[in-house]
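Source file: coords.cif; contents: mmCIF, C-alpha atoms and all ligand atoms.
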```cif
data_structure
loop_
_atom_site.group_PDB
_atom_site.id
_atom_site.type_symbol
_atom_site.label_atom_id
_atom_site.label_comp_id
_atom_site.auth_asym_id
_atom_site.auth_seq_id
_atom_site.Cartn_x
_atom_site.Cartn_y
_atom_site.Cartn_z
ATOM 1 C CA MET A 1 27.783 -15.343 56.198
ATOM 2 C CA GLU A 2 31.014 -17.388 56.282
ATOM 3 C CA THR A 3 32.155 -19.292 53.189
ATOM 4 C CA GLY A 4 30.279 -22.596 52.924
ATOM 5 C CA GLU A 5 27.521 -21.393 55.263
ATOM 6 C CA LYS A 6 23.975 -21.459 54.011
ATOM 7 C CA GLU A 7 21.400 -18.751 54.604
ATOM 8 C CA LEU A 8 19.674 -20.567 57.474
ATOM 9 C CA SER A 9 22.710 -22.372 58.936
ATOM 10 C CA GLY A 10 22.443 -22.551 62.719
ATOM 11 C CA LYS A 11 18.700 -21.840 62.700
ATOM 12 C CA VAL A 12 16.154 -24.248 64.172
ATOM 13 C CA ALA A 13 12.828 -24.461 62.319
ATOM 14 C CA LEU A 14 9.631 -26.134 63.525
ATOM 15 C CA VAL A 15 7.228 -26.848 60.654
ATOM 16 C CA THR A 16 3.812 -28.209 61.644
ATOM 17 C CA GLY A 17 2.047 -30.658 59.334
ATOM 18 C CA ALA A 18 5.260 -31.358 57.429
ATOM 19 C CA SER A 19 4.691 -35.022 56.601
ATOM 20 C CA ARG A 20 3.260 -34.210 53.167
ATOM 21 C CA GLY A 21 2.069 -31.516 50.766
ATOM 22 C CA ILE A 22 2.966 -27.893 51.383
ATOM 23 C CA GLY A 23 4.498 -28.554 54.824
ATOM 24 C CA ARG A 24 6.800 -31.183 53.351
ATOM 25 C CA ALA A 25 7.967 -28.771 50.634
ATOM 26 C CA ILE A 26 8.590 -26.088 53.291
ATOM 27 C CA ALA A 27 10.585 -28.502 55.456
ATOM 28 C CA LEU A 28 12.716 -29.592 52.488
ATOM 29 C CA LYS A 29 13.326 -25.986 51.428
ATOM 30 C CA LEU A 30 14.332 -24.783 54.902
ATOM 31 C CA GLY A 31 16.531 -27.880 55.275
ATOM 32 C CA SER A 32 18.221 -27.160 51.935
ATOM 33 C CA LEU A 33 19.000 -23.658 53.231
ATOM 34 C CA GLY A 34 20.824 -25.128 56.240
ATOM 35 C CA ALA A 35 18.179 -25.033 58.978
ATOM 36 C CA ILE A 36 17.775 -27.868 61.468
ATOM 37 C CA VAL A 37 14.185 -28.895 60.711
ATOM 38 C CA LEU A 38 11.661 -30.371 63.140
ATOM 39 C CA VAL A 39 9.161 -32.167 60.927
ATOM 40 C CA ASN A 40 5.882 -32.176 62.865
ATOM 41 C CA TYR A 41 3.098 -34.630 62.036
ATOM 42 C CA ASN A 42 0.009 -36.055 63.666
ATOM 43 C CA GLY A 43 -0.744 -39.440 62.065
ATOM 44 C CA SER A 44 1.731 -39.958 59.207
ATOM 45 C CA ALA A 45 4.807 -41.112 61.141
ATOM 46 C CA ASP A 46 6.468 -42.976 58.258
ATOM 47 C CA ARG A 47 6.037 -40.093 55.853
ATOM 48 C CA ALA A 48 7.384 -37.575 58.370
ATOM 49 C CA ARG A 49 10.420 -39.772 58.968
ATOM 50 C CA GLU A 50 10.950 -39.978 55.178
ATOM 51 C CA VAL A 51 10.947 -36.169 54.974
ATOM 52 C CA ALA A 52 13.514 -35.969 57.796
ATOM 53 C CA GLU A 53 15.640 -38.645 56.099
ATOM 54 C CA GLN A 54 15.457 -36.794 52.805
ATOM 55 C CA ILE A 55 16.761 -33.622 54.473
ATOM 56 C CA GLU A 56 19.573 -35.588 56.134
ATOM 57 C CA GLY A 57 20.351 -37.292 52.822
ATOM 58 C CA LEU A 58 21.049 -33.857 51.362
ATOM 59 C CA GLY A 59 23.507 -33.115 54.169
ATOM 60 C CA GLY A 60 21.029 -31.360 56.460
ATOM 61 C CA SER A 61 19.712 -32.073 59.910
ATOM 62 C CA ALA A 62 16.108 -33.003 60.767
ATOM 63 C CA GLU A 63 13.892 -34.931 63.142
ATOM 64 C CA ALA A 64 10.262 -36.052 62.920
ATOM 65 C CA VAL A 65 8.183 -34.831 65.886
ATOM 66 C CA CYS A 66 4.699 -36.170 66.638
ATOM 67 C CA CYS A 67 2.086 -33.793 68.050
ATOM 68 C CA ASN A 68 -1.563 -33.036 67.443
ATOM 69 C CA VAL A 69 -1.408 -29.241 67.160
ATOM 70 C CA ALA A 70 -5.063 -28.949 68.201
ATOM 71 C CA ASP A 71 -4.087 -30.228 71.658
ATOM 72 C CA TYR A 72 -2.830 -27.365 73.850
ATOM 73 C CA GLU A 73 -1.088 -29.576 76.403
ATOM 74 C CA ALA A 74 0.543 -31.731 73.729
ATOM 75 C CA CYS A 75 1.910 -28.601 72.010
ATOM 76 C CA GLY A 76 3.394 -27.472 75.310
ATOM 77 C CA LYS A 77 5.099 -30.850 75.690
ATOM 78 C CA MET A 78 6.446 -30.724 72.107
ATOM 79 C CA VAL A 79 7.849 -27.229 72.687
ATOM 80 C CA GLU A 80 9.537 -28.224 75.967
ATOM 81 C CA GLU A 81 11.109 -31.290 74.329
ATOM 82 C CA VAL A 82 12.341 -29.295 71.347
ATOM 83 C CA ILE A 83 13.747 -26.500 73.524
ATOM 84 C CA GLY A 84 15.302 -29.091 75.845
ATOM 85 C CA LYS A 85 17.124 -30.710 72.946
ATOM 86 C CA TYR A 86 17.887 -27.826 70.549
ATOM 87 C CA LYS A 87 17.871 -24.925 73.087
ATOM 88 C CA LYS A 88 15.860 -22.636 70.784
ATOM 89 C CA VAL A 89 13.470 -22.296 67.872
ATOM 90 C CA ASP A 90 14.192 -19.518 65.359
ATOM 91 C CA ILE A 91 11.497 -20.240 62.783
ATOM 92 C CA LEU A 92 7.961 -21.467 63.452
ATOM 93 C CA VAL A 93 5.805 -22.357 60.456
ATOM 94 C CA ASN A 94 2.165 -23.046 61.353
ATOM 95 C CA ASN A 95 1.156 -25.105 58.352
ATOM 96 C CA ALA A 96 -0.887 -28.022 59.781
ATOM 97 C CA GLY A 97 -4.397 -27.827 58.432
ATOM 98 C CA ILE A 98 -7.495 -29.783 57.488
ATOM 99 C CA ALA A 99 -10.611 -29.134 55.392
ATOM 100 C CA ARG A 100 -14.088 -30.507 56.123
ATOM 101 C CA ASP A 101 -16.156 -28.774 53.441
ATOM 102 C CA ASN A 102 -19.935 -28.494 53.575
ATOM 103 C CA LEU A 103 -22.624 -25.933 52.918
ATOM 104 C CA ILE A 104 -23.493 -23.885 56.002
ATOM 105 C CA MET A 105 -27.013 -25.378 56.113
ATOM 106 C CA ARG A 106 -25.517 -28.857 56.404
ATOM 107 C CA MET A 107 -22.330 -28.199 58.327
ATOM 108 C CA SER A 108 -22.161 -30.081 61.614
ATOM 109 C CA GLU A 109 -20.819 -28.598 64.795
ATOM 110 C CA GLU A 110 -18.087 -31.237 64.689
ATOM 111 C CA GLU A 111 -17.060 -30.201 61.157
ATOM 112 C CA TYR A 112 -16.830 -26.597 62.304
ATOM 113 C CA ASP A 113 -15.005 -27.276 65.576
ATOM 114 C CA SER A 114 -12.464 -29.742 64.189
ATOM 115 C CA VAL A 115 -11.359 -27.337 61.442
ATOM 116 C CA LEU A 116 -11.136 -24.345 63.796
ATOM 117 C CA ASN A 117 -9.304 -26.392 66.425
ATOM 118 C CA THR A 118 -6.622 -27.608 64.036
ATOM 119 C CA ASN A 119 -6.201 -24.636 61.705
ATOM 120 C CA LEU A 120 -6.622 -21.700 64.078
ATOM 121 C CA LYS A 121 -6.262 -22.934 67.639
ATOM 122 C CA GLY A 122 -3.330 -25.098 66.508
ATOM 123 C CA ALA A 123 -1.414 -21.942 65.547
ATOM 124 C CA PHE A 124 -2.381 -20.241 68.804
ATOM 125 C CA ASN A 125 -1.137 -23.289 70.725
ATOM 126 C CA THR A 126 2.347 -23.332 69.185
ATOM 127 C CA ILE A 127 2.749 -19.543 69.274
ATOM 128 C CA ARG A 128 1.537 -19.368 72.873
ATOM 129 C CA HIS A 129 4.019 -21.971 74.055
ATOM 130 C CA LEU A 130 6.957 -20.664 72.007
ATOM 131 C CA SER A 131 6.435 -16.923 72.459
ATOM 132 C CA ARG A 132 8.327 -16.698 75.760
ATOM 133 C CA TYR A 133 11.392 -18.255 74.127
ATOM 134 C CA PHE A 134 11.124 -15.929 71.129
ATOM 135 C CA LEU A 135 10.815 -12.967 73.518
ATOM 136 C CA LYS A 136 13.837 -14.069 75.548
ATOM 137 C CA GLN A 137 16.037 -14.495 72.455
ATOM 138 C CA ARG A 138 14.741 -11.219 70.949
ATOM 139 C CA SER A 139 14.466 -12.699 67.476
ATOM 140 C CA GLY A 140 12.297 -15.103 65.552
ATOM 141 C CA LYS A 141 10.184 -15.628 62.503
ATOM 142 C CA ILE A 142 6.615 -16.882 62.757
ATOM 143 C CA ILE A 143 4.916 -17.765 59.486
ATOM 144 C CA ASN A 144 1.271 -18.806 59.425
ATOM 145 C CA ILE A 145 -0.139 -20.616 56.409
ATOM 146 C CA SER A 146 -3.517 -19.032 55.754
ATOM 147 C CA SER A 147 -5.419 -19.352 52.457
ATOM 148 C CA VAL A 148 -6.966 -17.314 49.694
ATOM 149 C CA SER A 149 -10.187 -18.759 51.104
ATOM 150 C CA GLY A 150 -9.600 -16.719 54.265
ATOM 151 C CA VAL A 151 -9.082 -13.569 52.201
ATOM 152 C CA LEU A 152 -11.985 -13.937 49.752
ATOM 153 C CA GLY A 153 -14.323 -16.455 51.411
ATOM 154 C CA ASN A 154 -15.454 -19.576 49.566
ATOM 155 C CA ALA A 155 -18.869 -21.225 49.314
ATOM 156 C CA GLY A 156 -18.838 -24.581 51.088
ATOM 157 C CA GLN A 157 -15.909 -23.587 53.303
ATOM 158 C CA ALA A 158 -17.419 -21.435 56.071
ATOM 159 C CA ASN A 159 -15.413 -23.329 58.711
ATOM 160 C CA TYR A 160 -12.173 -23.350 56.699
ATOM 161 C CA SER A 161 -12.486 -19.696 55.595
ATOM 162 C CA ALA A 162 -13.219 -18.616 59.166
ATOM 163 C CA SER A 163 -10.133 -20.458 60.411
ATOM 164 C CA LYS A 164 -7.925 -18.967 57.697
ATOM 165 C CA ALA A 165 -9.291 -15.420 58.147
ATOM 166 C CA GLY A 166 -8.777 -15.925 61.884
ATOM 167 C CA LEU A 167 -5.149 -16.796 61.211
ATOM 168 C CA ILE A 168 -4.726 -13.437 59.482
ATOM 169 C CA GLY A 169 -6.106 -11.629 62.551
ATOM 170 C CA LEU A 170 -3.864 -13.718 64.803
ATOM 171 C CA THR A 171 -0.870 -12.884 62.591
ATOM 172 C CA LYS A 172 -1.492 -9.139 62.660
ATOM 173 C CA SER A 173 -2.171 -8.953 66.408
ATOM 174 C CA VAL A 174 0.824 -11.058 67.414
ATOM 175 C CA ALA A 175 2.986 -9.110 64.931
ATOM 176 C CA ARG A 176 2.067 -5.898 66.765
ATOM 177 C CA GLU A 177 2.774 -7.474 70.165
ATOM 178 C CA LEU A 178 6.185 -8.909 69.271
ATOM 179 C CA ALA A 179 7.559 -6.333 66.802
ATOM 180 C CA SER A 180 9.550 -4.327 69.363
ATOM 181 C CA ARG A 181 11.507 -7.485 70.281
ATOM 182 C CA GLY A 182 12.632 -8.115 66.698
ATOM 183 C CA ILE A 183 10.178 -10.940 66.045
ATOM 184 C CA CYS A 184 8.456 -10.985 62.654
ATOM 185 C CA VAL A 185 5.027 -12.565 62.240
ATOM 186 C CA ASN A 186 3.612 -12.953 58.743
ATOM 187 C CA ALA A 187 1.141 -15.078 56.826
ATOM 188 C CA VAL A 188 1.278 -16.755 53.447
ATOM 189 C CA ALA A 189 -2.077 -17.249 51.725
ATOM 190 C CA PRO A 190 -1.793 -20.010 49.125
ATOM 191 C CA GLY A 191 -4.320 -20.216 46.317
ATOM 192 C CA PHE A 192 -5.127 -23.590 44.781
ATOM 193 C CA ILE A 193 -2.127 -25.867 45.276
ATOM 194 C CA ASP A 194 -1.566 -29.379 43.967
ATOM 195 C CA THR A 195 -1.569 -31.552 47.129
ATOM 196 C CA GLU A 196 -3.565 -34.419 48.642
ATOM 197 C CA MET A 197 -5.963 -31.851 50.127
ATOM 198 C CA THR A 198 -6.990 -30.585 46.683
ATOM 199 C CA ASN A 199 -6.675 -34.024 45.062
ATOM 200 C CA ALA A 200 -9.484 -35.126 47.391
ATOM 201 C CA MET A 201 -11.870 -32.695 45.657
ATOM 202 C CA PRO A 202 -14.209 -33.904 42.883
ATOM 203 C CA GLU A 203 -12.704 -33.383 39.389
ATOM 204 C CA LYS A 204 -15.464 -30.903 38.462
ATOM 205 C CA THR A 205 -14.784 -28.721 41.505
ATOM 206 C CA ARG A 206 -11.056 -28.748 40.746
ATOM 207 C CA GLU A 207 -11.662 -27.687 37.148
ATOM 208 C CA ALA A 208 -13.975 -24.885 38.288
ATOM 209 C CA ALA A 209 -11.364 -23.690 40.778
ATOM 210 C CA VAL A 210 -8.609 -23.641 38.130
ATOM 211 C CA GLY A 211 -10.967 -21.532 35.982
ATOM 212 C CA THR A 212 -10.808 -18.765 38.622
ATOM 213 C CA ILE A 213 -7.007 -18.544 38.568
ATOM 214 C CA PRO A 214 -5.710 -15.700 36.347
ATOM 215 C CA MET A 215 -2.501 -17.671 35.714
ATOM 216 C CA GLY A 216 -4.621 -20.613 34.578
ATOM 217 C CA ARG A 217 -2.924 -23.350 36.593
ATOM 218 C CA MET A 218 -2.664 -24.793 40.074
ATOM 219 C CA GLY A 219 0.342 -23.844 42.176
ATOM 220 C CA LEU A 220 3.059 -26.199 43.358
ATOM 221 C CA PRO A 221 3.945 -26.798 47.020
ATOM 222 C CA GLU A 222 7.478 -25.598 46.189
ATOM 223 C CA GLU A 223 6.047 -22.221 45.141
ATOM 224 C CA ILE A 224 4.622 -21.758 48.652
ATOM 225 C CA ALA A 225 7.900 -22.942 50.159
ATOM 226 C CA SER A 226 9.804 -20.189 48.290
ATOM 227 C CA ALA A 227 7.675 -17.474 49.889
ATOM 228 C CA VAL A 228 8.068 -19.079 53.312
ATOM 229 C CA ALA A 229 11.848 -19.257 52.843
ATOM 230 C CA PHE A 230 11.903 -15.531 52.071
ATOM 231 C CA LEU A 231 9.905 -14.764 55.239
ATOM 232 C CA ALA A 232 12.166 -17.086 57.265
ATOM 233 C CA GLY A 233 15.390 -15.431 56.073
ATOM 234 C CA SER A 234 17.068 -12.133 56.886
ATOM 235 C CA GLY A 235 15.884 -10.569 53.623
ATOM 236 C CA SER A 236 12.493 -10.018 55.261
ATOM 237 C CA ASP A 237 13.720 -8.599 58.586
ATOM 238 C CA TYR A 238 11.709 -5.370 58.184
ATOM 239 C CA ILE A 239 8.467 -7.097 57.146
ATOM 240 C CA THR A 240 5.872 -7.983 59.775
ATOM 241 C CA GLY A 241 2.097 -8.367 60.000
ATOM 242 C CA GLN A 242 1.762 -8.979 56.269
ATOM 243 C CA VAL A 243 -0.151 -11.494 54.196
ATOM 244 C CA ILE A 244 1.573 -12.650 51.016
ATOM 245 C CA CYS A 245 -0.854 -14.246 48.561
ATOM 246 C CA VAL A 246 0.831 -16.949 46.492
ATOM 247 C CA ASP A 247 -2.105 -17.774 44.297
ATOM 248 C CA GLY A 248 -1.496 -17.129 40.595
ATOM 249 C CA GLY A 249 -3.565 -13.964 40.942
ATOM 250 C CA MET A 250 -6.727 -15.411 42.506
ATOM 251 C CA ALA A 251 -7.019 -12.679 45.151
ATOM 252 C CA ILE A 252 -6.271 -9.727 42.859
HETATM 253 P P1 LIG A 301 -2.352 -31.947 53.189
HETATM 254 O O1 LIG A 301 -1.643 -32.474 52.017
HETATM 255 O O2 LIG A 301 -3.687 -32.478 53.548
HETATM 256 O O3 LIG A 301 -1.375 -32.085 54.480
HETATM 257 C C1 LIG A 301 -1.813 -31.649 55.726
HETATM 258 C C2 LIG A 301 -0.693 -31.779 56.729
HETATM 259 O O4 LIG A 301 -1.182 -31.308 58.003
HETATM 260 C C3 LIG A 301 -0.232 -33.194 56.938
HETATM 261 O O5 LIG A 301 1.171 -33.215 57.112
HETATM 262 C C4 LIG A 301 -0.922 -33.618 58.235
HETATM 263 O O6 LIG A 301 -0.162 -34.544 58.975
HETATM 264 C C5 LIG A 301 -0.936 -32.298 58.985
HETATM 265 N N1 LIG A 301 -1.947 -32.245 60.036
HETATM 266 C C6 LIG A 301 -3.304 -32.302 59.908
HETATM 267 N N2 LIG A 301 -3.876 -32.217 61.110
HETATM 268 C C7 LIG A 301 -2.872 -32.101 62.019
HETATM 269 C C8 LIG A 301 -2.821 -31.975 63.431
HETATM 270 N N3 LIG A 301 -3.938 -31.942 64.164
HETATM 271 N N4 LIG A 301 -1.610 -31.872 64.036
HETATM 272 C C9 LIG A 301 -0.471 -31.901 63.310
HETATM 273 N N5 LIG A 301 -0.461 -32.026 61.968
HETATM 274 C C10 LIG A 301 -1.644 -32.127 61.336
HETATM 275 O O7 LIG A 301 -2.540 -30.362 53.102
HETATM 276 P P2 LIG A 301 -1.795 -29.257 52.207
HETATM 277 O O8 LIG A 301 -2.591 -29.060 50.980
HETATM 278 O O9 LIG A 301 -0.341 -29.550 52.130
HETATM 279 O O10 LIG A 301 -2.053 -27.976 53.110
HETATM 280 C C11 LIG A 301 -1.092 -27.495 54.047
HETATM 281 C C12 LIG A 301 -1.595 -26.173 54.608
HETATM 282 O O11 LIG A 301 -1.795 -25.261 53.531
HETATM 283 C C13 LIG A 301 -2.939 -26.288 55.326
HETATM 284 O O12 LIG A 301 -2.966 -25.401 56.419
HETATM 285 C C14 LIG A 301 -3.922 -25.852 54.277
HETATM 286 O O13 LIG A 301 -5.094 -25.345 54.836
HETATM 287 C C15 LIG A 301 -3.117 -24.765 53.574
HETATM 288 N N6 LIG A 301 -3.588 -24.472 52.226
HETATM 289 C C16 LIG A 301 -3.601 -25.428 51.263
HETATM 290 C C17 LIG A 301 -4.070 -25.098 49.988
HETATM 291 C C18 LIG A 301 -4.101 -26.100 48.856
HETATM 292 O O14 LIG A 301 -4.621 -25.726 47.790
HETATM 293 N N7 LIG A 301 -3.579 -27.291 49.024
HETATM 294 C C19 LIG A 301 -4.505 -23.803 49.720
HETATM 295 C C20 LIG A 301 -4.476 -22.863 50.726
HETATM 296 C C21 LIG A 301 -4.001 -23.201 51.986
HETATM 297 P P3 LIG A 301 -0.657 -36.056 59.291
HETATM 298 O O15 LIG A 301 -0.906 -36.722 57.982
HETATM 299 O O16 LIG A 301 0.460 -36.636 60.060
HETATM 300 O O17 LIG A 301 -1.932 -35.886 60.081
#
```
Turn the structure described in the file into structure tokens.
Amino acid sequence: METGEKELSGKVALVTGASRGIGRAIALKLGSLGAIVLVNYNGSADRAREVAEQIEGLGGSAEAVCCNVADYEACGKMVEEVIGKYKKVDILVNNAGIARDNLIMRMSEEEYDSVLNTNLKGAFNTIRHLSRYFLKQRSGKIINISSVSGVLGNAGQANYSASKAGLIGLTKSVARELASRGICVNAVAPGFIDTEMTNAMPEKTREAAVGTIPMGRMGLPEEIASAVAFLAGSGSDYITGQVICVDGGMAI
């Protein structure tokens, strides 16, 4: 690294669902490490632009990019536009996700499909469209944001747990396929993190969830971003196909 260069200088990072919460913290962290950050969002245009502006305000480079990751064709278009403009993507963080909790007896087909389509198929869509560029450049870091719910299961989250467990299978399979070309594919499984997703839960449910955390507190989005930054940097070049739980001990 030359003097004045940051760890991710010259790298291009695409972070899905980066308009708020964990994705926002990841975008800010990668931007602070010198990466050019593409801040993907679906509905929250103003908030995504604010994240990009915040990165630029700190001397970095960023752009907000709209795309519904559940839409295969739209993901292809986003990838072509990004490659057209920046010539490459070095780091892909599949973070976009939704929860539509319900007990299995009451869960609608729509609740199941929408969660699987965003959380699991969304990651397939971006990886599928970007993999040929990763293969051509013979390098790359793919980081999928799973969940402790995908590792342990969680009552009321059959759809969400299935999507997050599916992401772990996707991570391991793609890691095996791309390893010989120097591409690392890993997952981060957050525990219970303080964001709008968990703020939407009833107070009682939140308290009960905190009671299951050995460290006795919720995690911060920045604590997930630190693990992602490690997996995005050269310090993790010999790590692939792994799931790092960042959960205060929930999955011990
Ligand atoms: P959040 O605050 O609800 O933010 C979700 C983000 O995903 C938003 O930026 C949203 O963008 C984006 N998004 C949703 N659907 C999208 C789509 N179809 N296409 C593109 N972007 C989409 O959630 P969070 O708590 O930060 O969670 C981020 C990730 O971490 C999710 O995958 C979640 O499952 C996972 N996770 C969270 C926790 C937790 O405790 N919070 C724990 C484990 C795992 P728009 O507003 O623009 O739609």
Item to check | Reference answer for the PyMOL selection byres (((chain A and resi 64) around 10) and not hetatm), as an MDAnalysis selection string | outcome: chainID A and resid 14:15 18:19 37:41 45:53 62:63 65:67
Checklist outcome for this item: Between CA of Thr171 (chain A) and CA of Lys141 (chain A) lies a distance of 11.4 Å
Next on the checklist: Considering only C-alpha atoms and all ligand atoms, can you say which of A:Cys75, A:Ala96, A:Cys245, A:Leu103 comes closest to ligand LIG 301 (chain A)?
Outcome noted: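 Of A:Cys75, A:Ala96, A:Cys245, A:Leu103, the one nearest ligand LIG 301 (chain A), counting only C-alpha atoms and all ligand atoms, is A:Ala96.
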Checklist entry - When the PyMOL selection byres (((not hetatm)) within 7 of (chain A and resi 301)) is applied to the file above, which residues end up in the set, as a PyMOL selection string? => result chain A and resi 16-23+40-45+67-70+95-99+118-119+145-148+189-198
Item to check | Selected residue of minimal separation from Ala158 (chain A) among A:Arg106, A:Arg181, A:Lys121, A:Lys204, counting all atoms listed in the file | outcome: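 For Ala158 (chain A), the nearest of the given residues is A:Arg106.
Among the candidate residues A:Val79, A:Arg206, A:Ile252, A:Pro221, the one lying nearest to Leu152 (chain A) is A:Ile252, with distances computed using only C-alpha atoms.
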Checklist entry - What do you get, as a PyMOL selection string, if you spell out every residue that the PyMOL selection byres (((chain A and resi 216) around 12) and not hetatm) selects here? => result chain A and resi 191-192+207-215+217-219+247-250
Once you add 3 Å to each side, what are the centre and edge lengths of the axis-aligned box holding all listed atoms of region 130-145 of chain A? One decimal in Å, as lines of an AutoDock Vina configuration file, if you can.
```
center_x = 7.9
center_y = -15.9
center_z = 66.1
size_x = 22.2
size_y = 15.4
size_z = 25.4
```
Distance table requested - region 162-224 of chain A against region 127-136 of chain A, cut-off 12 Å, all atoms listed in the file: one row per qualifying residue with the closest atom pair and its distance in Å to one decimal, ordered by chain and rising residue number, as CSV.
```
residue,atom,partner,partner_atom,distance
A:Leu167,CA,A:Ile127,CA,11.6
A:Leu170,CA,A:Ile127,CA,9.9
A:Thr171,CA,A:Ile127,CA,10.1
A:Val174,CA,A:Ile127,CA,8.9
A:Ala175,CA,A:Ile127,CA,11.3
A:Glu177,CA,A:Leu135,CA,10.3
A:Leu178,CA,A:Leu135,CA,7.5
A:Ala179,CA,A:Leu135,CA,10.0
A:Ser180,CA,A:Leu135,CA,9.7
A:Arg181,CA,A:Leu135,CA,6.4
A:Gly182,CA,A:Leu135,CA,8.6
A:Ile183,CA,A:Phe134,CA,7.2
A:Cys184,CA,A:Phe134,CA,10.2
A:Val185,CA,A:Ile127,CA,10.2
```
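For the atom pair formed by CA of Gly34 (chain A) and CA of Glu80 (chain A), the distance is 22.9 Å, given to one decimal.
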